[in-house]
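Please read the structure below before turning to the comments.
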Amino acid sequence: MSVARGTALLSVEGVVAGYGAAEEILKGTSLTVAPSEIVSIIGPNGAGKSTLLKTIAGLVAARKGQISLNGADVTAANALGRARAGIGFVPQERNVFGAMTVAENLEISGFQDPGGVRTRSEEMYQRYPMLAEKRRALARTLSGGQRQILAMAMGLMNAPSLLLLDEPTAGLSPKAADELFEAIVALNRGGLPILMVEQHALEALEISTRGYVLVSGRNSREGAGPALAADPDIRRLFLGG
């Protein structure tokens, strides 16, 4: 079920990374994302899922291994270099500026092309009408689901070729989570590949082309998203029975 490295948009090969000098969270992790795919990373708490996304985004340095985007090695690039290469990252926490308006949040996110900020903002308003209605509202006044839509729109302001989402439905009501999953699917149908870490593992797998199970910083399982979601062992691990 793996995507051939040569045809992958993103290729992560044998990455070792962590936060302290002697700490290894990722212990040789590998994955691929092909153009137009949704790929989910699931696993128990502490498996290294968010660390993997941060390493791909350039926020955590890879000590070993290689990260390639569109066939170019970006392992040595910093976060800004990765963003310029086409990686958009939406973190789980502190992903909007609460004291700024919706419009200001979008404007500050279009740093790669300041001259195109107005056009890109209008595109976001058309894609997400709620943002247009709330454009003058402070981000801290938005509901949880609205903040996540704003965070995702901020991640789109530089027209990335790959979008990384870290726990996008964390803290949302079931209804808001369902609406956000629908927004993710709509983005992908528009041609944007997405790699996400998600706490609602089964729901994420059901909308994913493929999924990876990460355990203790290592690859444990890989397969088609719906097949993994239907797997009794996966359901036992994430549903407790």
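Simple scheme: letters A, B, ... for chains in structure tokens order, numbers from 1 for residues in each chain, numbers from 1 for ligands in the order shown.
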
**Request:** Can you pull out every residue within 10 Å of Glu24 in chain A, counting only C-alpha atoms, but drop anything in the same chain fewer than 5 positions away, and send it as a list of chain:residue names?
**Result:**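 Near neighbours after the sequence-gap exclusion: A:Val16, A:Ala17, A:Gly18, A:Tyr19, A:Gly48, A:Arg63, A:Ser216, A:Gly217.
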
Mind dumping the selected residues with C-alpha atoms as a short mmCIF file (atom, residue, chain, number, x, y, z; two decimals), in the first residue's frame?
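Below you can see part12.cif, which holds the result:
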data_model
loop_
_atom_site.label_atom_id
_atom_site.label_comp_id
_atom_site.auth_asym_id
_atom_site.auth_seq_id
_atom_site.Cartn_x
_atom_site.Cartn_y
_atom_site.Cartn_z
CA VAL A 16 15.18 10.18 14.13
CA ALA A 17 14.25 13.29 16.15
CA GLY A 18 13.57 14.55 19.65
CA TYR A 19 13.63 17.58 21.90
CA GLY A 48 5.50 10.79 18.52
CA ARG A 63 19.04 14.03 13.61
CA SER A 216 6.82 4.47 20.45
CA GLY A 217 8.26 6.53 17.61
#

**Request:** Taking the DSSP assignment computed from this structure's backbone, write out as a ChimeraX atom specification all residues of range 111-153 of chain A that belong to helix (DSSP H, G or I).
**Result:** /A:114-127,129-133,139-141,144-153

Restrict the selected residues to C-alpha atoms and save them as a compact mmCIF listing (two decimals), in the first residue's frame.
# COMPACT_ATOMS: atom_id res chain seq x y z
CA PRO A 114 2.30 40.40 0.76
CA GLY A 115 1.03 41.79 -2.54
CA GLY A 116 -1.38 38.89 -2.91
CA VAL A 117 -2.79 38.97 0.62
CA ARG A 118 -6.02 40.75 -0.35
CA THR A 119 -6.74 38.31 -3.14
CA ARG A 120 -5.95 35.28 -0.98
CA SER A 121 -8.08 36.66 1.88
CA GLU A 122 -11.03 37.06 -0.47
CA GLU A 123 -10.54 33.48 -1.59
CA MET A 124 -10.73 32.37 2.04
CA TYR A 125 -13.87 34.43 2.61
CA GLN A 126 -15.50 32.81 -0.41
CA ARG A 127 -14.43 29.35 0.68
CA PRO A 129 -18.41 32.43 4.42
CA MET A 130 -18.33 32.39 8.21
CA LEU A 131 -14.93 34.09 8.10
CA ALA A 132 -16.35 36.84 5.89
CA GLU A 133 -19.17 37.40 8.38
CA ALA A 139 -10.32 35.62 16.96
CA ARG A 140 -10.73 34.92 20.68
CA THR A 141 -14.50 35.51 20.35
CA GLY A 144 -13.87 26.33 18.84
CA GLY A 145 -14.98 25.13 15.43
CA GLN A 146 -14.76 28.62 13.97
CA ARG A 147 -11.23 29.07 15.35
CA GLN A 148 -10.17 25.82 13.69
CA ILE A 149 -11.58 26.95 10.36
CA LEU A 150 -9.69 30.23 10.75
CA ALA A 151 -6.48 28.34 11.62
CA MET A 152 -6.89 26.16 8.55
CA ALA A 153 -7.53 29.22 6.37

**Request:** Skip range 194-206 of chain A itself and residues of its chain fewer than 5 positions away, then list as a PyMOL selection string all residues within 6 Å of it, counting only C-alpha atoms.
**Result:** chain A and resi 38-42+162-167+225-226+229

Dump C-alpha atoms for the selected residues as a CSV table (one decimal), in the first residue's frame?
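Now in again11.csv:
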chain,number,residue,atom,x,y,z
A,38,ILE,CA,-5.3,12.4,2.7
A,39,VAL,CA,-3.0,10.5,5.0
A,40,SER,CA,-3.7,10.1,8.7
A,41,ILE,CA,-1.2,9.3,11.5
A,42,ILE,CA,-2.7,7.6,14.5
A,162,LEU,CA,0.9,20.1,1.3
A,163,LEU,CA,-1.1,20.9,4.4
A,164,LEU,CA,-0.1,19.4,7.8
A,165,LEU,CA,-2.9,19.4,10.4
A,166,ASP,CA,-2.1,18.5,14.1
A,167,GLU,CA,-5.2,17.3,16.0
A,225,GLY,CA,-7.6,4.3,5.7
A,226,PRO,CA,-11.1,2.5,5.6
A,229,ALA,CA,-10.7,1.7,10.4

**Which of range 2-114 of chain A DSSP labels strand (DSSP E or B), written as number ranges by chain** = A: 10-17, 26-33, 38-42, 62-69, 72-73, 87-90, 101

Restrict the selected residues to C-alpha atoms and save them as a PDB file, in the first residue's frame.
ATOM      1  CA  LEU A  10       6.335  13.996   0.519  1.00  0.00           C
ATOM      2  CA  SER A  11       8.830  11.315   1.482  1.00  0.00           C
ATOM      3  CA  VAL A  12      10.040  10.806   5.060  1.00  0.00           C
ATOM      4  CA  GLU A  13      12.728   8.149   5.363  1.00  0.00           C
ATOM      5  CA  GLY A  14      14.157   6.786   8.625  1.00  0.00           C
ATOM      6  CA  VAL A  15      13.772  10.005  10.613  1.00  0.00           C
ATOM      7  CA  VAL A  16      15.182  10.180  14.126  1.00  0.00           C
ATOM      8  CA  ALA A  17      14.249  13.289  16.146  1.00  0.00           C
ATOM      9  CA  LEU A  26      11.072   9.410  16.610  1.00  0.00           C
ATOM     10  CA  LYS A  27      13.174   6.290  16.125  1.00  0.00           C
ATOM     11  CA  GLY A  28      13.467   5.782  12.401  1.00  0.00           C
ATOM     12  CA  THR A  29       9.986   6.820  11.248  1.00  0.00           C
ATOM     13  CA  SER A  30       9.074   6.696   7.561  1.00  0.00           C
ATOM     14  CA  LEU A  31       6.022   7.676   5.523  1.00  0.00           C
ATOM     15  CA  THR A  32       4.941   9.004   2.148  1.00  0.00           C
ATOM     16  CA  VAL A  33       2.153  11.242   0.896  1.00  0.00           C
ATOM     17  CA  ILE A  38      -5.342  12.407   2.732  1.00  0.00           C
ATOM     18  CA  VAL A  39      -2.985  10.483   5.016  1.00  0.00           C
ATOM     19  CA  SER A  40      -3.672  10.095   8.737  1.00  0.00           C
ATOM     20  CA  ILE A  41      -1.195   9.294  11.490  1.00  0.00           C
ATOM     21  CA  ILE A  42      -2.739   7.610  14.506  1.00  0.00           C
ATOM     22  CA  ALA A  62      15.858  15.586  12.226  1.00  0.00           C
ATOM     23  CA  ARG A  63      19.042  14.029  13.609  1.00  0.00           C
ATOM     24  CA  LYS A  64      19.005  11.212  11.089  1.00  0.00           C
ATOM     25  CA  GLY A  65      17.014  10.364   7.991  1.00  0.00           C
ATOM     26  CA  GLN A  66      15.734  12.416   5.080  1.00  0.00           C
ATOM     27  CA  ILE A  67      12.676  14.529   4.308  1.00  0.00           C
ATOM     28  CA  SER A  68      11.922  15.276   0.655  1.00  0.00           C
ATOM     29  CA  LEU A  69       9.206  17.429  -0.892  1.00  0.00           C
ATOM     30  CA  ALA A  72      13.891  17.960  -3.322  1.00  0.00           C
ATOM     31  CA  ASP A  73      15.717  17.209  -0.067  1.00  0.00           C
ATOM     32  CA  ILE A  87       4.578  22.963   3.407  1.00  0.00           C
ATOM     33  CA  GLY A  88       1.709  24.522   5.341  1.00  0.00           C
ATOM     34  CA  PHE A  89       1.394  23.629   9.038  1.00  0.00           C
ATOM     35  CA  VAL A  90      -1.589  24.137  11.353  1.00  0.00           C
ATOM     36  CA  THR A 101      -9.334  40.193  14.102  1.00  0.00           C
TER      37      THR A 101
END

**Request:** Rank nothing, just name the residue among A:Thr7, A:Ser109, A:Ser173, A:Thr51 nearest to Leu214 in chain A, using only C-alpha atoms.
**Result:**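 Nearest candidate to Leu214 in chain A out of A:Thr7, A:Ser109, A:Ser173, A:Thr51: A:Thr51.
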
**Prompt:** Pick from A:Ser161, A:Asn95, A:Ser36, A:Asn219: nearest to Ala83 in chain A, with only C-alpha atoms counted?
**Reply:**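 Going through A:Ser161, A:Asn95, A:Ser36, A:Asn219 one by one, the smallest distance to Ala83 in chain A is for A:Ser161.
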
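Proximity ranking of A:Lys175, A:Arg210, A:Arg136, A:Lys49 relative to Glu222 in chain A places A:Arg210 first, based on only C-alpha atoms.
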
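Going from CA of Gly81 in chain A over to CA of Arg94 in chain A, you cover 21.3 Å.
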
**Message:** If I take CA of Met100 in chain A and CA of Arg135 in chain A, how far is one from the other in Å, to one decimal?
**Reply:** 10.2 Å
